[in-house]
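final_5.cif, holding mmCIF, C-alpha atoms (C1' of nucleotides):
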```cif
data_input
loop_
_atom_site.label_atom_id
_atom_site.label_comp_id
_atom_site.auth_asym_id
_atom_site.auth_seq_id
_atom_site.Cartn_x
_atom_site.Cartn_y
_atom_site.Cartn_z
CA MET A 1 19.69 -7.08 56.76
CA MET A 2 19.20 -3.72 55.09
CA SER A 3 15.90 -3.18 53.36
CA ILE A 4 15.83 -1.66 49.89
CA ASP A 5 12.93 0.35 48.49
CA SER A 6 12.90 0.09 44.71
CA ASN A 7 11.35 3.59 44.52
CA ASP A 8 14.76 4.95 45.52
CA TYR A 9 16.42 3.55 42.41
CA LYS A 10 15.71 4.29 38.78
CA ILE A 11 14.32 1.65 36.44
CA LEU A 12 16.67 0.48 33.69
CA ASP A 13 15.48 2.03 30.41
CA ARG A 14 15.02 0.44 27.01
CA GLY A 15 18.41 1.70 25.86
CA PHE A 16 20.06 -0.50 28.47
CA TYR A 17 18.50 -3.63 26.95
CA SER A 18 18.86 -2.63 23.28
CA ARG A 19 22.51 -3.68 23.15
CA ASP A 20 24.62 -6.78 22.63
CA THR A 21 23.11 -9.61 24.68
CA ALA A 22 26.33 -10.64 26.43
CA ILE A 23 26.95 -7.05 27.55
CA VAL A 24 23.43 -6.76 28.91
CA ALA A 25 23.80 -10.13 30.66
CA LYS A 26 27.02 -9.02 32.32
CA GLU A 27 25.67 -5.63 33.34
CA LEU A 28 22.48 -7.10 34.79
CA ILE A 29 24.62 -8.63 37.53
CA GLY A 30 24.19 -6.51 40.66
CA LYS A 31 20.89 -4.97 39.50
CA LEU A 32 17.66 -5.16 41.53
CA LEU A 33 14.81 -7.40 40.36
CA VAL A 34 11.47 -6.16 41.71
CA LYS A 35 8.07 -7.81 41.70
CA LYS A 36 5.06 -6.11 43.28
CA ILE A 37 2.32 -8.41 44.41
CA GLN A 38 -0.76 -7.56 46.47
CA GLY A 39 0.81 -4.32 47.69
CA GLN A 40 3.94 -6.12 48.81
CA GLN A 41 7.37 -5.71 47.26
CA LEU A 42 9.58 -8.70 46.54
CA ASN A 43 13.08 -7.79 45.50
CA GLY A 44 16.54 -9.23 45.16
CA ILE A 45 19.92 -8.58 43.61
CA ILE A 46 20.66 -10.44 40.38
CA THR A 47 23.69 -12.69 40.88
CA GLU A 48 23.67 -14.97 37.83
CA THR A 49 22.62 -14.57 34.17
CA GLU A 50 23.07 -16.25 30.80
CA ALA A 51 23.02 -14.73 27.30
CA TYR A 52 21.07 -16.32 24.46
CA TYR A 53 21.37 -15.10 20.88
CA GLY A 54 19.55 -16.18 17.73
CA LYS A 55 20.62 -17.88 14.53
CA ASN A 56 24.25 -18.38 15.56
CA ASP A 57 23.31 -19.90 18.90
CA PRO A 58 21.90 -23.46 18.71
CA ALA A 59 21.07 -23.36 22.43
CA SER A 60 18.66 -20.47 21.91
CA HIS A 61 14.91 -20.81 21.42
CA ALA A 62 15.25 -18.30 18.58
CA PHE A 63 17.77 -20.51 16.71
CA ARG A 64 15.05 -22.00 14.47
CA GLY A 65 13.54 -18.65 13.67
CA ARG A 66 10.25 -17.06 14.67
CA THR A 67 8.37 -19.87 16.36
CA PRO A 68 5.33 -18.72 18.36
CA ARG A 69 7.18 -19.22 21.63
CA ALA A 70 10.35 -17.38 20.61
CA GLU A 71 8.53 -14.58 18.77
CA ILE A 72 8.97 -12.16 21.66
CA MET A 73 12.76 -12.52 21.43
CA PHE A 74 12.56 -10.83 18.02
CA GLY A 75 10.58 -7.89 19.35
CA SER A 76 11.84 -4.76 21.01
CA ALA A 77 14.12 -4.98 24.03
CA GLY A 78 13.22 -4.55 27.67
CA PHE A 79 10.28 -6.95 27.77
CA ALA A 80 9.97 -10.09 29.88
CA TYR A 81 10.11 -13.48 28.17
CA VAL A 82 8.74 -16.19 30.45
CA TYR A 83 8.57 -19.78 29.29
CA PHE A 84 7.80 -23.16 30.75
CA CYS A 85 10.45 -25.86 31.03
CA TYR A 86 10.81 -29.48 32.17
CA GLY A 87 7.08 -29.66 32.81
CA MET A 88 7.37 -27.83 36.12
CA TYR A 89 9.31 -24.60 36.04
CA TYR A 90 9.02 -21.12 34.59
CA MET A 91 12.14 -19.27 33.45
CA LEU A 92 12.50 -15.48 33.44
CA ASN A 93 14.34 -13.71 30.62
CA ALA A 94 14.81 -10.10 29.55
CA VAL A 95 14.60 -9.45 25.81
CA THR A 96 17.67 -7.72 24.35
CA GLU A 97 19.07 -6.37 21.06
CA ARG A 98 17.42 -4.05 18.53
CA GLU A 99 13.94 -4.85 17.28
CA GLY A 100 14.09 -7.64 14.68
CA ILE A 101 17.27 -9.16 16.14
CA PRO A 102 16.59 -12.02 18.59
CA GLY A 103 18.26 -12.08 21.97
CA ALA A 104 17.45 -12.62 25.64
CA VAL A 105 19.14 -12.82 29.01
CA LEU A 106 18.09 -15.67 31.28
CA ILE A 107 18.04 -14.52 34.89
CA ARG A 108 19.30 -17.57 36.74
CA ALA A 109 19.66 -16.45 40.34
CA VAL A 110 19.05 -13.55 42.72
CA LEU A 111 19.98 -12.75 46.29
CA PRO A 112 16.68 -12.00 48.10
CA ILE A 113 16.56 -8.65 49.92
CA SER A 114 12.92 -7.78 50.64
CA GLY A 115 9.79 -9.91 50.96
CA THR A 116 11.83 -12.88 52.09
CA ASP A 117 9.00 -14.12 54.34
CA THR A 118 6.71 -14.48 51.34
CA MET A 119 9.47 -16.16 49.36
CA ALA A 120 10.26 -18.54 52.22
CA MET A 121 6.61 -19.55 52.42
CA ARG A 122 6.40 -20.21 48.68
CA ARG A 123 9.71 -22.04 48.58
CA ASN A 124 9.27 -24.05 51.74
CA THR A 125 12.69 -23.08 53.09
CA ARG A 126 13.97 -20.20 55.19
CA ASP A 127 17.55 -20.42 53.93
CA ILE A 128 18.08 -17.05 52.20
CA LYS A 129 20.84 -18.44 50.02
CA LYS A 130 18.55 -21.19 48.69
CA LEU A 131 15.40 -19.12 48.13
CA ALA A 132 16.20 -18.05 44.58
CA ASN A 133 19.58 -19.54 43.63
CA GLY A 134 18.30 -21.14 40.43
CA PRO A 135 16.10 -20.10 37.48
CA GLY A 136 13.19 -22.32 38.50
CA LYS A 137 13.51 -21.39 42.15
CA LEU A 138 13.52 -17.65 41.59
CA THR A 139 10.30 -17.70 39.56
CA ILE A 140 8.63 -19.66 42.37
CA ALA A 141 9.97 -17.27 45.04
CA PHE A 142 8.97 -14.16 43.04
CA CYS A 143 5.54 -15.48 41.95
CA ILE A 144 6.53 -15.26 38.29
CA ASP A 145 4.59 -17.36 35.80
CA PHE A 146 3.25 -17.24 32.25
CA SER A 147 1.06 -14.25 33.10
CA ASP A 148 4.28 -12.21 33.32
CA ASN A 149 5.27 -13.05 29.74
CA GLY A 150 5.51 -9.92 27.60
CA LYS A 151 5.50 -7.45 30.49
CA ASP A 152 7.49 -4.25 30.01
CA LEU A 153 10.45 -4.39 32.42
CA THR A 154 11.11 -0.67 31.87
CA GLY A 155 7.73 0.21 33.33
CA GLY A 156 6.74 1.94 30.11
CA CYS A 157 4.08 4.62 30.46
CA ASN A 158 1.98 2.33 32.59
CA ASN A 159 2.12 2.48 36.38
CA SER A 160 0.42 -0.86 36.78
CA VAL A 161 3.56 -2.70 35.66
CA ASP A 162 4.62 -4.88 38.57
CA LEU A 163 7.81 -6.46 37.26
CA THR A 164 10.83 -4.18 36.88
CA ILE A 165 14.65 -4.11 37.14
CA HIS A 166 16.36 -1.18 38.87
CA ASP A 167 19.88 0.25 38.89
CA LEU A 168 21.38 0.14 42.38
CA ASP A 169 24.25 2.42 41.35
CA ILE A 170 26.78 -0.13 42.53
CA ASN A 171 30.12 -0.09 40.78
CA LEU A 172 30.96 -3.74 40.38
CA ASP A 173 34.56 -4.55 39.67
CA SER A 174 34.43 -6.84 36.64
CA ARG A 175 36.95 -9.05 38.44
CA ASN A 176 33.98 -9.91 40.68
CA ILE A 177 32.06 -11.31 37.72
CA LEU A 178 32.94 -14.82 36.60
CA GLN A 179 32.34 -15.82 32.98
CA THR A 180 31.67 -19.54 32.38
CA PRO A 181 29.89 -21.88 29.94
CA ARG A 182 26.11 -22.04 30.19
CA ILE A 183 24.26 -24.62 32.28
CA GLY A 184 21.82 -27.36 31.33
CA ILE A 185 22.08 -27.06 27.56
CA THR A 186 23.12 -29.67 25.01
CA ASN A 187 24.19 -27.39 22.15
CA ALA A 188 26.91 -24.74 22.02
CA LYS A 189 28.14 -25.68 25.47
CA GLU A 190 31.53 -24.17 24.74
CA LYS A 191 30.30 -20.57 24.55
CA GLN A 192 31.24 -18.52 27.61
CA LEU A 193 27.91 -16.78 28.02
CA ARG A 194 27.10 -17.33 31.69
CA PHE A 195 27.88 -14.55 34.16
CA VAL A 196 28.12 -15.14 37.90
CA LEU A 197 28.78 -12.75 40.77
CA LYS A 198 31.83 -14.27 42.40
CA ASP A 199 31.38 -13.05 45.93
CA ILE A 200 27.90 -12.17 47.20
CA GLY A 201 29.63 -11.11 50.42
CA ILE A 202 30.22 -7.67 48.89
CA PHE A 203 26.52 -7.06 49.52
CA ASN A 204 26.92 -6.82 53.24
CA PHE A 205 23.32 -5.98 54.03
"C1'" DG B 1 30.78 -33.38 49.97
"C1'" DT B 2 29.30 -35.47 44.86
"C1'" DA B 3 26.27 -38.46 41.58
"C1'" DC B 4 22.30 -40.10 39.90
"C1'" DT B 5 17.20 -40.24 39.05
"C1'" DG B 6 12.29 -39.39 38.55
"C1'" DA B 7 8.68 -35.98 38.15
"C1'" DT B 8 6.30 -33.32 34.76
"C1'" DA B 9 3.79 -30.83 30.58
"C1'" DC B 10 4.84 -27.79 27.03
"C1'" DT B 11 6.93 -26.84 22.26
"C1'" DC B 12 8.30 -28.07 17.91
"C1'" DT B 13 9.20 -31.73 14.37
"C1'" DG C 1 6.83 -38.47 19.72
"C1'" DA C 2 11.15 -36.63 21.27
"C1'" DG C 3 13.53 -33.23 23.66
"C1'" DT C 4 13.82 -29.94 27.26
"C1'" DA C 5 17.85 -22.83 29.39
"C1'" DT C 6 15.39 -27.74 36.39
"C1'" DC C 7 14.85 -29.31 41.14
"C1'" DA C 8 14.55 -32.16 45.31
"C1'" DG C 9 15.38 -36.40 47.16
"C1'" DT C 10 18.10 -40.37 47.76
"C1'" DA C 11 22.26 -43.02 47.87
"C1'" DC C 12 26.83 -43.14 48.36
"C1'" DT C 13 31.82 -41.51 49.43
#
```

Rewrite the coordinates I just gave you, this time as C-alpha cells.
Amino acid sequence: MMSIDSNDYKILDRGFYSRDTAIVAKELIGKLLVKKIQGQQLNGIITETEAYYGKNDPASHAFRGRTPRAEIMFGSAGFAYVYFCYGMYYMLNAVTEREGIPGAVLIRAVLPISGTDTMAMRRNTRDIKKLANGPGKLTIAFCIDFSDNGKDLTGGCNNSVDLTIHDLDINLDSRNILQTPRIGITNAKEKQLRFVLKDIGIFNF
DNA sequence: GTACTGATACTCT
DNA sequence: GAGTATCAGTACT
C-alpha cells in the first residue's frame, strides 16, 4: 500500500464548497479526508457522499429552517457539520452553498490509506474495506465527534486545524461515479443525490 | 448471500 | 414523546 502525505496535496478552498451541493458532493468523490491526531495522520479517499439541500429537501435537517442544530448549514461553506444520530453515531458533513443558503454533503464512506493501525484498533477490525465504509464507521475510525463540529475544512488562517480535505489531482471519469437515491431516509427517497465511486480498484495503492 | 432486530440518546414538536 | 442521514449480531436461505 502506498502512503500519502497530505502535505503534498493542496487543501480544497472555500470556493470549492460554495457551489451547488450536488456538484460538490460529486466532486468530493476521490478527494483525501485528513484528520491529524496526536501528531499522527489519519487519511483516506472519499468513496461515497450524499447531498442535502434546504427548504426543498424534506430529508434535510435544514428543511424546517434555522433550528439550533442545522444553523451551521446556513453559514458559509467549507465548515464541518457533525451531528449525533441513532443515539450512537456521529455523522460528518461539509457545509456547501453561499452563505445564507443551507446545504451540506454527508461523507458516507472513505477508503483508508494512512493510519490504518489506529483505525483498526478503534474499529475492532483489521479489514481495510470495513474500517470506514459507512458514515458512523468513518467517524469512529477517524476519531471524529461533536468537538469537530464547526471546524474549518479549508484550514483557514489557522494552522491548528486538524480536519481537512485535500485535492489528490486525480481525474475521475464520471462514468466511475454512480448516482443513486439516498440511504436511510424516509422523505424524498426518490431524489438521486447519493454519489458512489463504482470501482475502488482504480486506487491501486 | 439476504433479512430482521435491538441498542441508544439527541433534537424538535 | 416520537422520530432518527446507523451498525453489529443473529437467523435463515

Nearby residues, (23.5, -6.3, 37.4) file frame, 12 Å, only C-alpha atoms (C1' of nucleotides), as a PyMOL selection string: chain A and resi 12+16-17+23-33+44-50+105+107+109-111+165-174+176-177+195-197

Residues of chain B within 12 Å of chain A, counting all atoms listed in the file, as a ChimeraX atom specification: /B:6-13

Apply the PyMOL selection byres ((chain A and resi 55) around 12) to the structure shown and report the selected residues as a ChimeraX atom specification. /A:52-54,56-66,70,73-74,101-103,188

Could you build a table of the residues in chain C lying no more than 8 Å from chain A, giving for each the nearest pair of atoms and their separation in Å rounded to one decimal place, using only C-alpha atoms (C1' of nucleotides), ordered by chain and ascending residue number, as a tab-separated table?
```
residue	atom	partner	partner_atom	distance
C:DT4	C1'	A:Tyr86	CA	5.8
C:DA5	C1'	A:Ile185	CA	6.3
C:DT6	C1'	A:Gly136	CA	6.2
C:DC7	C1'	A:Gly136	CA	7.7
```

Quick one, how far is atom CA of A:Thr154 from atom CA of A:Asp199?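 Spanning atom CA of A:Thr154 to atom CA of A:Asp199 is a straight-line distance of 27.6 Å.
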
Applied to this file, what does the PyMOL selection byres ((chain A and resi 123) around 12) return in terms of residues, put as a CSV table (one decimal) with C-alpha atoms (C1' of nucleotides), in the frame of the given file?
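Final output, saved to expr_15.csv:
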```csv
chain,number,residue,atom,x,y,z
A,116,THR,CA,11.8,-12.9,52.1
A,117,ASP,CA,9.0,-14.1,54.3
A,118,THR,CA,6.7,-14.5,51.3
A,119,MET,CA,9.5,-16.2,49.4
A,120,ALA,CA,10.3,-18.5,52.2
A,121,MET,CA,6.6,-19.6,52.4
A,122,ARG,CA,6.4,-20.2,48.7
A,124,ASN,CA,9.3,-24.0,51.7
A,125,THR,CA,12.7,-23.1,53.1
A,126,ARG,CA,14.0,-20.2,55.2
A,127,ASP,CA,17.6,-20.4,53.9
A,128,ILE,CA,18.1,-17.0,52.2
A,129,LYS,CA,20.8,-18.4,50.0
A,130,LYS,CA,18.6,-21.2,48.7
A,131,LEU,CA,15.4,-19.1,48.1
A,132,ALA,CA,16.2,-18.0,44.6
A,133,ASN,CA,19.6,-19.5,43.6
A,134,GLY,CA,18.3,-21.1,40.4
A,136,GLY,CA,13.2,-22.3,38.5
A,137,LYS,CA,13.5,-21.4,42.2
A,138,LEU,CA,13.5,-17.6,41.6
A,139,THR,CA,10.3,-17.7,39.6
A,140,ILE,CA,8.6,-19.7,42.4
A,141,ALA,CA,10.0,-17.3,45.0
A,142,PHE,CA,9.0,-14.2,43.0
A,143,CYS,CA,5.5,-15.5,42.0
C,7,DC,C1',14.8,-29.3,41.1
C,8,DA,C1',14.6,-32.2,45.3
```

Tell me which residues the PyMOL selection byres ((chain C and resi 10-13) around 10) grabs here, as JSON, numbers by chain. {"B": [1, 2, 3, 4, 5], "C": [8, 9]}

What does the distance from atom CA of A:Lys151 to atom CA of A:Arg194 come to in Å, to one decimal?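 Rounded to one decimal, the two atoms are 23.8 Å apart.
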
Have a look at atom CA of A:Arg175 and atom CA of A:Ser6 and let me know their distance in Å, one decimal.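 Interatomic distance, atom CA of A:Arg175 to atom CA of A:Ser6: 26.5 Å.
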
Emit as lines of an AutoDock Vina configuration file the padded axis-aligned box for all listed atoms of stretch 103-116 of chain A, 3 Å per side, with centre and edge lengths in Å to one decimal.
```
center_x = 14.9
center_y = -12.7
center_z = 37.0
size_x = 16.2
size_y = 15.8
size_z = 36.1
```

From the set A:Gly150, A:Pro181, A:Arg98, A:Ile11, which residue has the shortest atom-to-atom contact distance to A:Glu71, counting only C-alpha atoms? A:Gly150

So which residues touch A:Asp13 within 9 Å, counting all atoms listed in the file, skipping near sequence neighbours fewer than 5 positions away, as an MDAnalysis selection string? chainID A and resid 78 153:156

Stretch 33-182 of chain A written out with C-alpha atoms as a PDB file, in the first residue's frame:
```
ATOM      1  CA  LEU A  33     -10.023  13.279   4.014  1.00  0.00           C
ATOM      2  CA  VAL A  34      -7.336  14.047   6.602  1.00  0.00           C
ATOM      3  CA  LYS A  35      -7.518  14.074  10.384  1.00  0.00           C
ATOM      4  CA  LYS A  36      -4.460  14.863  12.487  1.00  0.00           C
ATOM      5  CA  ILE A  37      -4.490  13.455  15.960  1.00  0.00           C
ATOM      6  CA  GLN A  38      -1.660  13.392  18.498  1.00  0.00           C
ATOM      7  CA  GLY A  39       0.935  14.001  15.784  1.00  0.00           C
ATOM      8  CA  GLN A  40      -0.391  11.145  13.698  1.00  0.00           C
ATOM      9  CA  GLN A  41      -2.123  11.500  10.358  1.00  0.00           C
ATOM     10  CA  LEU A  42      -5.252   9.531   9.530  1.00  0.00           C
ATOM     11  CA  ASN A  43      -6.311   9.802   5.927  1.00  0.00           C
ATOM     12  CA  GLY A  44      -8.483   8.127   3.350  1.00  0.00           C
ATOM     13  CA  ILE A  45     -10.033   8.642  -0.057  1.00  0.00           C
ATOM     14  CA  ILE A  46     -13.696   9.650  -0.078  1.00  0.00           C
ATOM     15  CA  THR A  47     -15.723   6.999  -1.918  1.00  0.00           C
ATOM     16  CA  GLU A  48     -19.336   7.836  -1.064  1.00  0.00           C
ATOM     17  CA  THR A  49     -21.267  11.074  -0.403  1.00  0.00           C
ATOM     18  CA  GLU A  50     -24.819  12.386  -0.240  1.00  0.00           C
ATOM     19  CA  ALA A  51     -26.154  15.890  -0.941  1.00  0.00           C
ATOM     20  CA  TYR A  52     -28.632  17.580   1.391  1.00  0.00           C
ATOM     21  CA  TYR A  53     -30.315  20.861   0.496  1.00  0.00           C
ATOM     22  CA  GLY A  54     -32.689  23.059   2.488  1.00  0.00           C
ATOM     23  CA  LYS A  55     -36.312  24.035   2.099  1.00  0.00           C
ATOM     24  CA  ASN A  56     -36.961  21.889  -0.975  1.00  0.00           C
ATOM     25  CA  ASP A  57     -35.456  18.796   0.620  1.00  0.00           C
ATOM     26  CA  PRO A  58     -37.617  17.178   3.351  1.00  0.00           C
ATOM     27  CA  ALA A  59     -34.783  14.765   4.189  1.00  0.00           C
ATOM     28  CA  SER A  60     -32.505  17.638   5.199  1.00  0.00           C
ATOM     29  CA  HIS A  61     -32.036  18.921   8.742  1.00  0.00           C
ATOM     30  CA  ALA A  62     -32.362  22.428   7.307  1.00  0.00           C
ATOM     31  CA  PHE A  63     -35.826  21.697   5.848  1.00  0.00           C
ATOM     32  CA  ARG A  64     -37.607  23.234   8.860  1.00  0.00           C
ATOM     33  CA  GLY A  65     -35.457  26.327   8.845  1.00  0.00           C
ATOM     34  CA  ARG A  66     -32.786  27.551  11.226  1.00  0.00           C
ATOM     35  CA  THR A  67     -33.023  25.163  14.148  1.00  0.00           C
ATOM     36  CA  PRO A  68     -30.042  25.315  16.521  1.00  0.00           C
ATOM     37  CA  ARG A  69     -28.666  22.056  15.150  1.00  0.00           C
ATOM     38  CA  ALA A  70     -28.991  22.980  11.478  1.00  0.00           C
ATOM     39  CA  GLU A  71     -27.839  26.584  11.928  1.00  0.00           C
ATOM     40  CA  ILE A  72     -24.356  25.815  10.648  1.00  0.00           C
ATOM     41  CA  MET A  73     -25.806  24.624   7.322  1.00  0.00           C
ATOM     42  CA  PHE A  74     -26.925  28.215   6.696  1.00  0.00           C
ATOM     43  CA  GLY A  75     -23.479  29.634   7.353  1.00  0.00           C
ATOM     44  CA  SER A  76     -20.569  29.954   4.980  1.00  0.00           C
ATOM     45  CA  ALA A  77     -19.298  26.922   3.093  1.00  0.00           C
ATOM     46  CA  GLY A  78     -16.286  24.790   3.870  1.00  0.00           C
ATOM     47  CA  PHE A  79     -17.028  24.134   7.534  1.00  0.00           C
ATOM     48  CA  ALA A  80     -17.632  20.760   9.172  1.00  0.00           C
ATOM     49  CA  TYR A  81     -21.138  19.899  10.360  1.00  0.00           C
ATOM     50  CA  VAL A  82     -21.044  16.989  12.793  1.00  0.00           C
ATOM     51  CA  TYR A  83     -24.222  15.690  14.380  1.00  0.00           C
ATOM     52  CA  PHE A  84     -25.307  12.792  16.511  1.00  0.00           C
ATOM     53  CA  CYS A  85     -27.687  10.140  15.203  1.00  0.00           C
ATOM     54  CA  TYR A  86     -29.466   6.985  16.386  1.00  0.00           C
ATOM     55  CA  GLY A  87     -28.118   7.519  19.882  1.00  0.00           C
ATOM     56  CA  MET A  88     -24.706   6.136  18.986  1.00  0.00           C
ATOM     57  CA  TYR A  89     -23.108   7.582  15.895  1.00  0.00           C
ATOM     58  CA  TYR A  90     -21.655  10.860  14.697  1.00  0.00           C
ATOM     59  CA  MET A  91     -22.033  11.884  11.051  1.00  0.00           C
ATOM     60  CA  LEU A  92     -19.568  14.099   9.184  1.00  0.00           C
ATOM     61  CA  ASN A  93     -20.797  16.694   6.683  1.00  0.00           C
ATOM     62  CA  ALA A  94     -19.209  19.540   4.743  1.00  0.00           C
ATOM     63  CA  VAL A  95     -21.259  22.743   4.544  1.00  0.00           C
ATOM     64  CA  THR A  96     -21.924  23.947   0.989  1.00  0.00           C
ATOM     65  CA  GLU A  97     -23.640  26.760  -0.960  1.00  0.00           C
ATOM     66  CA  ARG A  98     -23.328  30.524  -0.486  1.00  0.00           C
ATOM     67  CA  GLU A  99     -23.757  31.999   2.978  1.00  0.00           C
ATOM     68  CA  GLY A 100     -27.458  32.149   3.890  1.00  0.00           C
ATOM     69  CA  ILE A 101     -28.375  29.192   1.660  1.00  0.00           C
ATOM     70  CA  PRO A 102     -28.460  25.863   3.526  1.00  0.00           C
ATOM     71  CA  GLY A 103     -26.661  22.847   2.145  1.00  0.00           C
ATOM     72  CA  ALA A 104     -24.311  20.074   3.227  1.00  0.00           C
ATOM     73  CA  VAL A 105     -22.629  16.974   1.883  1.00  0.00           C
ATOM     74  CA  LEU A 106     -22.722  13.885   4.083  1.00  0.00           C
ATOM     75  CA  ILE A 107     -19.469  11.962   3.780  1.00  0.00           C
ATOM     76  CA  ARG A 108     -20.631   8.362   3.939  1.00  0.00           C
ATOM     77  CA  ALA A 109     -17.517   6.302   3.280  1.00  0.00           C
ATOM     78  CA  VAL A 110     -13.772   6.519   2.738  1.00  0.00           C
ATOM     79  CA  LEU A 111     -11.047   4.112   1.683  1.00  0.00           C
ATOM     80  CA  PRO A 112      -8.397   4.236   4.449  1.00  0.00           C
ATOM     81  CA  ILE A 113      -4.855   4.989   3.254  1.00  0.00           C
ATOM     82  CA  SER A 114      -2.767   6.090   6.249  1.00  0.00           C
ATOM     83  CA  GLY A 115      -3.123   5.497   9.982  1.00  0.00           C
ATOM     84  CA  THR A 116      -4.927   2.239   9.376  1.00  0.00           C
ATOM     85  CA  ASP A 117      -3.462   0.681  12.540  1.00  0.00           C
ATOM     86  CA  THR A 118      -5.111   3.346  14.675  1.00  0.00           C
ATOM     87  CA  MET A 119      -8.361   2.938  12.768  1.00  0.00           C
ATOM     88  CA  ALA A 120      -8.249  -0.844  13.117  1.00  0.00           C
ATOM     89  CA  MET A 121      -7.789  -0.507  16.868  1.00  0.00           C
ATOM     90  CA  ARG A 122     -10.720   1.883  17.197  1.00  0.00           C
ATOM     91  CA  ARG A 123     -12.948  -0.152  14.916  1.00  0.00           C
ATOM     92  CA  ASN A 124     -12.038  -3.562  16.246  1.00  0.00           C
ATOM     93  CA  THR A 125     -11.413  -4.990  12.783  1.00  0.00           C
ATOM     94  CA  ARG A 126      -8.388  -5.153  10.511  1.00  0.00           C
ATOM     95  CA  ASP A 127     -10.380  -5.437   7.294  1.00  0.00           C
ATOM     96  CA  ILE A 128      -9.423  -2.273   5.370  1.00  0.00           C
ATOM     97  CA  LYS A 129     -12.617  -2.351   3.348  1.00  0.00           C
ATOM     98  CA  LYS A 130     -14.753  -2.372   6.511  1.00  0.00           C
ATOM     99  CA  LEU A 131     -12.849   0.249   8.517  1.00  0.00           C
ATOM    100  CA  ALA A 132     -14.764   3.264   7.233  1.00  0.00           C
ATOM    101  CA  ASN A 133     -17.356   2.026   4.729  1.00  0.00           C
ATOM    102  CA  GLY A 134     -20.265   3.784   6.435  1.00  0.00           C
ATOM    103  CA  PRO A 135     -20.953   7.233   7.916  1.00  0.00           C
ATOM    104  CA  GLY A 136     -20.958   6.005  11.518  1.00  0.00           C
ATOM    105  CA  LYS A 137     -17.936   3.810  10.968  1.00  0.00           C
ATOM    106  CA  LEU A 138     -15.782   6.502   9.413  1.00  0.00           C
ATOM    107  CA  THR A 139     -16.308   8.924  12.301  1.00  0.00           C
ATOM    108  CA  ILE A 140     -15.261   6.174  14.727  1.00  0.00           C
ATOM    109  CA  ALA A 141     -12.193   5.276  12.622  1.00  0.00           C
ATOM    110  CA  PHE A 142     -11.172   8.940  12.192  1.00  0.00           C
ATOM    111  CA  CYS A 143     -11.852   9.969  15.824  1.00  0.00           C
ATOM    112  CA  ILE A 144     -14.464  12.481  14.709  1.00  0.00           C
ATOM    113  CA  ASP A 145     -17.047  13.604  17.245  1.00  0.00           C
ATOM    114  CA  PHE A 146     -19.010  16.672  18.296  1.00  0.00           C
ATOM    115  CA  SER A 147     -15.796  18.542  19.109  1.00  0.00           C
ATOM    116  CA  ASP A 148     -15.151  18.665  15.344  1.00  0.00           C
ATOM    117  CA  ASN A 149     -18.433  20.464  14.657  1.00  0.00           C
ATOM    118  CA  GLY A 150     -17.835  23.877  13.087  1.00  0.00           C
ATOM    119  CA  LYS A 151     -14.187  23.276  12.192  1.00  0.00           C
ATOM    120  CA  ASP A 152     -12.893  24.984   9.054  1.00  0.00           C
ATOM    121  CA  LEU A 153     -12.174  22.248   6.492  1.00  0.00           C
ATOM    122  CA  THR A 154     -10.207  24.718   4.362  1.00  0.00           C
ATOM    123  CA  GLY A 155      -7.674  25.205   7.134  1.00  0.00           C
ATOM    124  CA  GLY A 156      -8.426  28.920   7.221  1.00  0.00           C
ATOM    125  CA  CYS A 157      -5.623  31.102   8.565  1.00  0.00           C
ATOM    126  CA  ASN A 158      -5.149  28.775  11.485  1.00  0.00           C
ATOM    127  CA  ASN A 159      -2.507  26.047  11.426  1.00  0.00           C
ATOM    128  CA  SER A 160      -4.029  24.227  14.358  1.00  0.00           C
ATOM    129  CA  VAL A 161      -6.910  22.974  12.205  1.00  0.00           C
ATOM    130  CA  ASP A 162      -6.702  19.197  12.224  1.00  0.00           C
ATOM    131  CA  LEU A 163      -9.553  18.228   9.913  1.00  0.00           C
ATOM    132  CA  THR A 164      -9.103  18.996   6.210  1.00  0.00           C
ATOM    133  CA  ILE A 165      -9.934  17.698   2.713  1.00  0.00           C
ATOM    134  CA  HIS A 166      -7.249  17.707   0.009  1.00  0.00           C
ATOM    135  CA  ASP A 167      -7.244  17.507  -3.777  1.00  0.00           C
ATOM    136  CA  LEU A 168      -5.360  14.436  -4.984  1.00  0.00           C
ATOM    137  CA  ASP A 169      -5.311  15.716  -8.564  1.00  0.00           C
ATOM    138  CA  ILE A 170      -6.932  12.532  -9.801  1.00  0.00           C
ATOM    139  CA  ASN A 171      -9.029  12.836 -12.917  1.00  0.00           C
ATOM    140  CA  LEU A 172     -12.008  10.641 -12.207  1.00  0.00           C
ATOM    141  CA  ASP A 173     -14.037   9.588 -15.192  1.00  0.00           C
ATOM    142  CA  SER A 174     -17.617  10.440 -14.247  1.00  0.00           C
ATOM    143  CA  ARG A 175     -18.590   7.014 -15.575  1.00  0.00           C
ATOM    144  CA  ASN A 176     -16.831   5.747 -12.443  1.00  0.00           C
ATOM    145  CA  ILE A 177     -19.260   7.639 -10.219  1.00  0.00           C
ATOM    146  CA  LEU A 178     -22.641   6.042  -9.633  1.00  0.00           C
ATOM    147  CA  GLN A 179     -25.623   8.264  -8.802  1.00  0.00           C
ATOM    148  CA  THR A 180     -28.367   6.634  -6.697  1.00  0.00           C
ATOM    149  CA  PRO A 181     -31.116   7.523  -4.197  1.00  0.00           C
ATOM    150  CA  ARG A 182     -30.006   8.374  -0.676  1.00  0.00           C
TER     151      ARG A 182
END
```
